Amino acid sequence: MGRIVRMISDDGTLTVMAADTADIVERARQIHNTTPVTTAALGRLLTAASFMGAVLKGRDDSVTIRLNGDGPAGSIIAAADSEGNVRGYVANPGVELPKNEKGKLDVSGAVGKNGTLTVMKDLGLKEPYIGQVPIVSGEIAEDITSYYAVSEQIPTVCALGVLVSKEDRSVITAGGFIIQLLPTAEDDTIDKVEKCLENIEPVTTMLAKGMSPEEICRTVLDGFPLQTLDEMHPSYVCTCSRQRVEKALVSTGIEELEDMAKDEVTRVSCHFCDKVYEFTPAEIRALVSKAKQQN
């Protein structure tokens with residue numbers, strides 16, 4: 001279970017969230033058998049999605065982030081609900097890359113520097129909100145910052161990180177913080193934030209020291225008195241079900257279903273979790289009947 005804390009400055013000019021998502025990212029690594037670099041890429045996007053989900057107002061609201069870069073990892077997707085619970089996957093989880101010039105995991109190399117970052121918010125309206133921006137660096141935090149600036153016109157500072165064990169490739173720390181200026185903020189607030197961030201350690205370093213999300217918030221905004229708004233404990237949660245899988249199978253069409261009915265068993269794996277759904281020929285034929293009724 002992760003932890004997100006959201007705080008606001010006493011003068012009402014900005015908000016800050018910080019998260020510890022190590023358990024969430026480790027669960028994703030176990031499900032998808034990711035390499036260190038794809039663990040880092042997926043983990044960063046899961047943390048960003050959890051931040052976005054945590055501020056949704058409606059109980060049934062949700063957000064999905066899709067990163068389509070030209071790197072070998074392929075598409076990376078993360079989705080979150082209004083409690084910050086997340087799920088996600090990477091198209092090519094087995095990608096291995098050498099470290100970058102800084103000796104760090106080459107997330108940008110795995111993601112690619114050309115492509116798009118798309119955010120889709122389902123807010124219970126007739127149509128979902130969709131915002132899309134070009135990938136800036138493929139490091140993900142900078143791309144999230146760009147999305148907020150371009151699509152939502154919210155000045156934002158975002159930091160995301162995942163630290164992976166060299167021995168067993170498990171997740172040691174993961175998390176991030178996100179600072180956003182409110183409409184009441186003036187130029188001197190921006191200058192003050194930039195000064196606060198001048199010598200900030202990487203978020204993985206702060207988490208490795210045992211710093212809590214509250215401590216991270218207060219450290220990155222040392223010059224601002226802060227009040228806690230709320231706290232959440234998100235997890236890696238998949239929303240798949242047999243009913244949803246049946247609906248997806250019906251949508252493939254009668255001809256496709258009739259071909260499936262010839263097999264001894266049809267197995268469908270969820271992209272987001274490690275669950276496999278099995279269907280007998282009789283169950284597939286029942287879905288054929290359902291598809292015919294819908295036509």
# chains A, B, ... in the order shown; residues from 1 in each chain; ligands from 1
$ residues_around --residues "Phe51 of chain A" --least-positions-apart "4" --cutoff "9 Å" --atoms "only C-alpha atoms" --output "number ranges by chain"
A: 4, 17-19, 46-47, 55, 80, 84, 177-178
$ select_by_dssp --residues "segment 105-235 of chain A" --states "strand (DSSP E)" --output "ChimeraX atom specification"
/A:115-122,129-134,156-164,171-181,226-232
$ select_by_dssp --residues "segment 44-192 of chain A" --states "alpha helix (DSSP H)" --output "number ranges by chain"
A: 44-54, 107-111, 141-151, 187-192
$ write_last_selection --atoms "N, CA and C atoms" --output "short mmCIF file (atom, residue, chain, number, x, y, z; two decimals), in the first residue's frame"
data_model
loop_
_atom_site.label_atom_id
_atom_site.label_comp_id
_atom_site.auth_asym_id
_atom_site.auth_seq_id
_atom_site.Cartn_x
_atom_site.Cartn_y
_atom_site.Cartn_z
N ARG A 44 7.29 5.32 -12.62
CA ARG A 44 7.12 6.78 -12.67
C ARG A 44 5.72 7.14 -13.17
N LEU A 45 5.28 6.45 -14.22
CA LEU A 45 3.96 6.78 -14.77
C LEU A 45 2.84 6.38 -13.81
N LEU A 46 3.00 5.27 -13.10
CA LEU A 46 2.01 4.87 -12.10
C LEU A 46 1.91 5.92 -10.99
N THR A 47 3.04 6.44 -10.56
CA THR A 47 3.02 7.48 -9.52
C THR A 47 2.34 8.74 -10.01
N ALA A 48 2.63 9.14 -11.25
CA ALA A 48 1.98 10.32 -11.83
C ALA A 48 0.47 10.11 -11.92
N ALA A 49 0.04 8.93 -12.34
CA ALA A 49 -1.39 8.64 -12.45
C ALA A 49 -2.05 8.67 -11.08
N SER A 50 -1.35 8.16 -10.07
CA SER A 50 -1.89 8.18 -8.71
C SER A 50 -2.10 9.62 -8.22
N PHE A 51 -1.14 10.50 -8.53
CA PHE A 51 -1.30 11.92 -8.20
C PHE A 51 -2.53 12.50 -8.88
N MET A 52 -2.69 12.22 -10.17
CA MET A 52 -3.83 12.76 -10.92
C MET A 52 -5.15 12.20 -10.40
N GLY A 53 -5.16 10.93 -10.07
CA GLY A 53 -6.38 10.33 -9.55
C GLY A 53 -6.77 10.88 -8.19
N ALA A 54 -5.78 11.16 -7.36
CA ALA A 54 -6.04 11.59 -5.99
C ALA A 54 -6.76 12.94 -5.90
N VAL A 107 15.68 5.71 -18.75
CA VAL A 107 14.22 5.72 -18.97
C VAL A 107 13.88 6.42 -20.28
N SER A 108 14.55 7.54 -20.55
CA SER A 108 14.30 8.27 -21.79
C SER A 108 14.60 7.41 -23.01
N GLY A 109 15.68 6.62 -22.92
CA GLY A 109 16.03 5.74 -24.02
C GLY A 109 15.00 4.65 -24.24
N ALA A 110 14.40 4.16 -23.15
CA ALA A 110 13.37 3.12 -23.25
C ALA A 110 12.06 3.69 -23.78
N VAL A 111 11.71 4.88 -23.33
CA VAL A 111 10.45 5.52 -23.73
C VAL A 111 10.55 6.11 -25.13
N ALA A 141 8.62 12.74 -15.80
CA ALA A 141 8.28 13.88 -14.94
C ALA A 141 8.21 15.18 -15.75
N GLU A 142 9.17 15.38 -16.64
CA GLU A 142 9.16 16.58 -17.49
C GLU A 142 7.97 16.57 -18.44
N ASP A 143 7.59 15.37 -18.88
CA ASP A 143 6.45 15.26 -19.79
C ASP A 143 5.14 15.56 -19.06
N ILE A 144 5.03 15.14 -17.81
CA ILE A 144 3.85 15.46 -16.99
C ILE A 144 3.78 16.96 -16.74
N THR A 145 4.92 17.57 -16.46
CA THR A 145 4.98 19.02 -16.25
C THR A 145 4.50 19.76 -17.50
N SER A 146 4.95 19.29 -18.66
CA SER A 146 4.54 19.89 -19.93
C SER A 146 3.04 19.74 -20.15
N TYR A 147 2.51 18.57 -19.83
CA TYR A 147 1.07 18.35 -20.00
C TYR A 147 0.27 19.38 -19.20
N TYR A 148 0.63 19.56 -17.93
CA TYR A 148 -0.11 20.51 -17.09
C TYR A 148 0.00 21.94 -17.63
N ALA A 149 1.19 22.30 -18.09
CA ALA A 149 1.40 23.67 -18.58
C ALA A 149 0.61 23.93 -19.86
N VAL A 150 0.61 22.95 -20.77
CA VAL A 150 -0.02 23.14 -22.08
C VAL A 150 -1.51 22.85 -22.06
N SER A 151 -1.91 21.73 -21.49
CA SER A 151 -3.32 21.31 -21.57
C SER A 151 -4.20 21.89 -20.47
N ASP A 187 4.22 36.39 -9.31
CA ASP A 187 5.57 36.10 -9.80
C ASP A 187 6.55 35.82 -8.67
N ASP A 188 6.40 36.52 -7.55
CA ASP A 188 7.35 36.31 -6.45
C ASP A 188 7.19 34.92 -5.84
N THR A 189 5.98 34.33 -5.97
CA THR A 189 5.78 32.96 -5.49
C THR A 189 6.60 31.98 -6.33
N ILE A 190 6.58 32.19 -7.65
CA ILE A 190 7.36 31.35 -8.56
C ILE A 190 8.84 31.44 -8.21
N ASP A 191 9.32 32.66 -8.00
CA ASP A 191 10.74 32.85 -7.65
C ASP A 191 11.08 32.13 -6.35
N LYS A 192 10.16 32.19 -5.41
CA LYS A 192 10.39 31.57 -4.10
C LYS A 192 10.44 30.05 -4.21
#
$ atom_distance --atom1 "atom CA of Lys57 of chain A" --atom2 "atom CA of Ile140 of chain A"
24.5 Å
$ residues_around --residues "segment 157-165 of chain A" --least-positions-apart "5" --cutoff "7 Å" --atoms "only C-alpha atoms" --output "JSON, numbers by chain"
{"A": [36, 40, 43, 44, 141, 142, 145, 170, 171, 172, 173, 174, 175, 176, 177, 178, 179, 180, 203, 204]}
$ residues_around --residues "Ala248 of chain A" --least-positions-apart "4" --cutoff "12 Å" --atoms "only C-alpha atoms" --output "list in words"
Cys240, Ser241, Arg242, Gln243, Arg244, Thr252, Gly253, Glu256, Leu257, Val268, Ser269, Cys270, Leu287 and Ala291 of chain A
$ write_last_selection --atoms "N, CA and C atoms" --output "mmCIF file, in the first residue's frame"
data_model
loop_
_atom_site.group_PDB
_atom_site.id
_atom_site.type_symbol
_atom_site.label_atom_id
_atom_site.label_comp_id
_atom_site.auth_asym_id
_atom_site.auth_seq_id
_atom_site.Cartn_x
_atom_site.Cartn_y
_atom_site.Cartn_z
ATOM 1 N N CYS A 240 -10.439 -5.606 -13.553
ATOM 2 C CA CYS A 240 -10.939 -6.599 -14.501
ATOM 3 C C CYS A 240 -11.927 -7.553 -13.823
ATOM 4 N N SER A 241 -12.793 -8.162 -14.620
ATOM 5 C CA SER A 241 -13.760 -9.143 -14.123
ATOM 6 C C SER A 241 -14.148 -10.058 -15.281
ATOM 7 N N ARG A 242 -14.726 -11.191 -14.966
ATOM 8 C CA ARG A 242 -15.155 -12.104 -16.018
ATOM 9 C C ARG A 242 -16.215 -11.445 -16.902
ATOM 10 N N GLN A 243 -17.098 -10.673 -16.289
ATOM 11 C CA GLN A 243 -18.151 -9.992 -17.046
ATOM 12 C C GLN A 243 -17.546 -9.024 -18.070
ATOM 13 N N ARG A 244 -16.508 -8.288 -17.671
ATOM 14 C CA ARG A 244 -15.862 -7.346 -18.589
ATOM 15 C C ARG A 244 -15.145 -8.081 -19.720
ATOM 16 N N THR A 252 -15.585 -8.625 -30.273
ATOM 17 C CA THR A 252 -14.713 -9.065 -31.370
ATOM 18 C C THR A 252 -15.508 -9.530 -32.589
ATOM 19 N N GLY A 253 -16.805 -9.848 -32.397
ATOM 20 C CA GLY A 253 -17.650 -10.229 -33.525
ATOM 21 C C GLY A 253 -17.956 -11.710 -33.570
ATOM 22 N N GLU A 256 -15.275 -14.188 -35.257
ATOM 23 C CA GLU A 256 -14.120 -14.431 -34.388
ATOM 24 C C GLU A 256 -14.494 -15.391 -33.254
ATOM 25 N N LEU A 257 -15.667 -15.189 -32.675
ATOM 26 C CA LEU A 257 -16.128 -16.060 -31.586
ATOM 27 C C LEU A 257 -16.323 -17.497 -32.061
ATOM 28 N N VAL A 268 -7.926 -15.849 -21.849
ATOM 29 C CA VAL A 268 -7.774 -14.404 -22.013
ATOM 30 C C VAL A 268 -7.042 -13.864 -20.784
ATOM 31 N N SER A 269 -5.908 -13.207 -21.032
ATOM 32 C CA SER A 269 -5.116 -12.638 -19.935
ATOM 33 C C SER A 269 -5.388 -11.141 -19.829
ATOM 34 N N CYS A 270 -5.503 -10.657 -18.605
ATOM 35 C CA CYS A 270 -5.690 -9.223 -18.383
ATOM 36 C C CYS A 270 -4.357 -8.511 -18.595
ATOM 37 N N LEU A 287 -21.698 -16.936 -25.895
ATOM 38 C CA LEU A 287 -21.366 -15.556 -26.241
ATOM 39 C C LEU A 287 -21.714 -15.265 -27.703
ATOM 40 N N ALA A 291 -24.019 -12.271 -28.974
ATOM 41 C CA ALA A 291 -23.610 -11.341 -30.039
ATOM 42 C C ALA A 291 -24.661 -11.257 -31.122
#
$ atom_distance --atom1 "atom CA of Ser235 of chain A" --atom2 "atom CA of Val16 of chain A"
20.4 Å
$ closest_residue --among "A:Thr118, A:Val136, A:Arg267, A:Pro93" --to "Ala79 of chain A" --atoms "only C-alpha atoms"
A:Thr118
$ atom_distance --atom1 "atom CA of Leu221 of chain A" --atom2 "atom CA of Gly2 of chain A"
21.9 Å
$ closest_residue --among "A:Gly12, A:Gly71, A:Gly58, A:Gly88" --to "Leu42 of chain A" --atoms "only C-alpha atoms"
A:Gly88
$ closest_residue --among "A:Lys126, A:Arg169, A:Lys290, A:Arg87" --to "Val237 of chain A" --atoms "only C-alpha atoms"
A:Arg87
$ decode --residues "segment 82-115 of chain A" --atoms "N, CA and C atoms" --output "PDB file, in the first residue's frame"
ATOM      1  N   SER A  82     -10.288   7.681  -8.149  1.00  0.00           N
ATOM      2  CA  SER A  82     -10.275   8.898  -7.337  1.00  0.00           C
ATOM      3  C   SER A  82      -9.675   8.689  -5.946  1.00  0.00           C
ATOM      4  N   GLU A  83      -9.271   7.463  -5.625  1.00  0.00           N
ATOM      5  CA  GLU A  83      -8.570   7.205  -4.375  1.00  0.00           C
ATOM      6  C   GLU A  83      -7.081   7.002  -4.612  1.00  0.00           C
ATOM      7  N   GLY A  84      -6.667   7.237  -5.861  1.00  0.00           N
ATOM      8  CA  GLY A  84      -5.265   7.095  -6.198  1.00  0.00           C
ATOM      9  C   GLY A  84      -4.827   5.679  -6.496  1.00  0.00           C
ATOM     10  N   ASN A  85      -5.753   4.711  -6.405  1.00  0.00           N
ATOM     11  CA  ASN A  85      -5.419   3.330  -6.744  1.00  0.00           C
ATOM     12  C   ASN A  85      -5.061   3.252  -8.223  1.00  0.00           C
ATOM     13  N   VAL A  86      -4.040   2.484  -8.552  1.00  0.00           N
ATOM     14  CA  VAL A  86      -3.544   2.469  -9.931  1.00  0.00           C
ATOM     15  C   VAL A  86      -3.350   1.057 -10.469  1.00  0.00           C
ATOM     16  N   ARG A  87      -3.253   1.000 -11.775  1.00  0.00           N
ATOM     17  CA  ARG A  87      -2.876  -0.217 -12.495  1.00  0.00           C
ATOM     18  C   ARG A  87      -2.195   0.242 -13.773  1.00  0.00           C
ATOM     19  N   GLY A  88      -1.388  -0.617 -14.375  1.00  0.00           N
ATOM     20  CA  GLY A  88      -0.724  -0.205 -15.598  1.00  0.00           C
ATOM     21  C   GLY A  88       0.049  -1.334 -16.234  1.00  0.00           C
ATOM     22  N   TYR A  89       0.586  -1.057 -17.396  1.00  0.00           N
ATOM     23  CA  TYR A  89       1.443  -2.033 -18.070  1.00  0.00           C
ATOM     24  C   TYR A  89       2.322  -1.337 -19.099  1.00  0.00           C
ATOM     25  N   VAL A  90       3.379  -2.045 -19.494  1.00  0.00           N
ATOM     26  CA  VAL A  90       4.290  -1.572 -20.534  1.00  0.00           C
ATOM     27  C   VAL A  90       4.288  -2.611 -21.643  1.00  0.00           C
ATOM     28  N   ALA A  91       4.212  -2.153 -22.876  1.00  0.00           N
ATOM     29  CA  ALA A  91       4.054  -3.066 -24.018  1.00  0.00           C
ATOM     30  C   ALA A  91       5.188  -4.078 -24.113  1.00  0.00           C
ATOM     31  N   ASN A  92       6.416  -3.614 -23.907  1.00  0.00           N
ATOM     32  CA  ASN A  92       7.590  -4.501 -24.006  1.00  0.00           C
ATOM     33  C   ASN A  92       8.370  -4.468 -22.696  1.00  0.00           C
ATOM     34  N   PRO A  93       7.928  -5.230 -21.707  1.00  0.00           N
ATOM     35  CA  PRO A  93       8.533  -5.143 -20.366  1.00  0.00           C
ATOM     36  C   PRO A  93       9.944  -5.698 -20.259  1.00  0.00           C
ATOM     37  N   GLY A  94      10.393  -6.473 -21.265  1.00  0.00           N
ATOM     38  CA  GLY A  94      11.695  -7.119 -21.169  1.00  0.00           C
ATOM     39  C   GLY A  94      12.857  -6.327 -21.739  1.00  0.00           C
ATOM     40  N   VAL A  95      12.647  -5.061 -22.052  1.00  0.00           N
ATOM     41  CA  VAL A  95      13.707  -4.229 -22.650  1.00  0.00           C
ATOM     42  C   VAL A  95      14.888  -4.047 -21.678  1.00  0.00           C
ATOM     43  N   GLU A  96      16.083  -4.283 -22.182  1.00  0.00           N
ATOM     44  CA  GLU A  96      17.311  -4.051 -21.417  1.00  0.00           C
ATOM     45  C   GLU A  96      18.130  -2.979 -22.129  1.00  0.00           C
ATOM     46  N   LEU A  97      18.597  -1.991 -21.375  1.00  0.00           N
ATOM     47  CA  LEU A  97      19.424  -0.924 -21.945  1.00  0.00           C
ATOM     48  C   LEU A  97      20.599  -0.627 -21.021  1.00  0.00           C
ATOM     49  N   PRO A  98      21.739  -0.209 -21.586  1.00  0.00           N
ATOM     50  CA  PRO A  98      22.850   0.225 -20.721  1.00  0.00           C
ATOM     51  C   PRO A  98      22.473   1.513 -19.993  1.00  0.00           C
ATOM     52  N   LYS A  99      23.178   1.815 -18.922  1.00  0.00           N
ATOM     53  CA  LYS A  99      22.932   3.045 -18.165  1.00  0.00           C
ATOM     54  C   LYS A  99      23.189   4.258 -19.058  1.00  0.00           C
ATOM     55  N   ASN A 100      22.568   5.380 -18.735  1.00  0.00           N
ATOM     56  CA  ASN A 100      22.784   6.601 -19.513  1.00  0.00           C
ATOM     57  C   ASN A 100      24.104   7.264 -19.111  1.00  0.00           C
ATOM     58  N   GLU A 101      24.369   8.435 -19.690  1.00  0.00           N
ATOM     59  CA  GLU A 101      25.653   9.097 -19.452  1.00  0.00           C
ATOM     60  C   GLU A 101      25.849   9.515 -17.998  1.00  0.00           C
ATOM     61  N   LYS A 102      24.768   9.582 -17.228  1.00  0.00           N
ATOM     62  CA  LYS A 102      24.856   9.932 -15.800  1.00  0.00           C
ATOM     63  C   LYS A 102      24.961   8.695 -14.915  1.00  0.00           C
ATOM     64  N   GLY A 103      24.998   7.525 -15.560  1.00  0.00           N
ATOM     65  CA  GLY A 103      25.084   6.291 -14.790  1.00  0.00           C
ATOM     66  C   GLY A 103      23.748   5.862 -14.205  1.00  0.00           C
ATOM     67  N   LYS A 104      22.662   6.418 -14.735  1.00  0.00           N
ATOM     68  CA  LYS A 104      21.315   6.112 -14.242  1.00  0.00           C
ATOM     69  C   LYS A 104      20.567   5.225 -15.245  1.00  0.00           C
ATOM     70  N   LEU A 105      19.468   4.656 -14.805  1.00  0.00           N
ATOM     71  CA  LEU A 105      18.619   3.881 -15.711  1.00  0.00           C
ATOM     72  C   LEU A 105      18.148   4.782 -16.847  1.00  0.00           C
ATOM     73  N   ASP A 106      18.274   4.302 -18.075  1.00  0.00           N
ATOM     74  CA  ASP A 106      17.978   5.126 -19.251  1.00  0.00           C
ATOM     75  C   ASP A 106      16.488   5.075 -19.597  1.00  0.00           C
ATOM     76  N   VAL A 107      15.676   5.709 -18.754  1.00  0.00           N
ATOM     77  CA  VAL A 107      14.224   5.724 -18.970  1.00  0.00           C
ATOM     78  C   VAL A 107      13.883   6.424 -20.277  1.00  0.00           C
ATOM     79  N   SER A 108      14.550   7.537 -20.547  1.00  0.00           N
ATOM     80  CA  SER A 108      14.299   8.269 -21.787  1.00  0.00           C
ATOM     81  C   SER A 108      14.605   7.405 -23.009  1.00  0.00           C
ATOM     82  N   GLY A 109      15.684   6.619 -22.924  1.00  0.00           N
ATOM     83  CA  GLY A 109      16.032   5.736 -24.024  1.00  0.00           C
ATOM     84  C   GLY A 109      14.996   4.652 -24.238  1.00  0.00           C
ATOM     85  N   ALA A 110      14.401   4.161 -23.145  1.00  0.00           N
ATOM     86  CA  ALA A 110      13.372   3.123 -23.247  1.00  0.00           C
ATOM     87  C   ALA A 110      12.063   3.690 -23.783  1.00  0.00           C
ATOM     88  N   VAL A 111      11.706   4.883 -23.328  1.00  0.00           N
ATOM     89  CA  VAL A 111      10.448   5.519 -23.733  1.00  0.00           C
ATOM     90  C   VAL A 111      10.550   6.111 -25.133  1.00  0.00           C
ATOM     91  N   GLY A 112      11.678   6.774 -25.405  1.00  0.00           N
ATOM     92  CA  GLY A 112      11.825   7.510 -26.656  1.00  0.00           C
ATOM     93  C   GLY A 112      11.557   8.982 -26.448  1.00  0.00           C
ATOM     94  N   LYS A 113      12.111   9.806 -27.313  1.00  0.00           N
ATOM     95  CA  LYS A 113      11.955  11.255 -27.185  1.00  0.00           C
ATOM     96  C   LYS A 113      10.967  11.829 -28.186  1.00  0.00           C
ATOM     97  N   ASN A 114      10.407  10.970 -29.007  1.00  0.00           N
ATOM     98  CA  ASN A 114       9.404  11.404 -29.969  1.00  0.00           C
ATOM     99  C   ASN A 114       8.130  10.599 -29.744  1.00  0.00           C
ATOM    100  N   GLY A 115       7.008  11.304 -29.780  1.00  0.00           N
ATOM    101  CA  GLY A 115       5.727  10.646 -29.544  1.00  0.00           C
ATOM    102  C   GLY A 115       4.799  11.551 -28.770  1.00  0.00           C
TER     103      GLY A 115
END
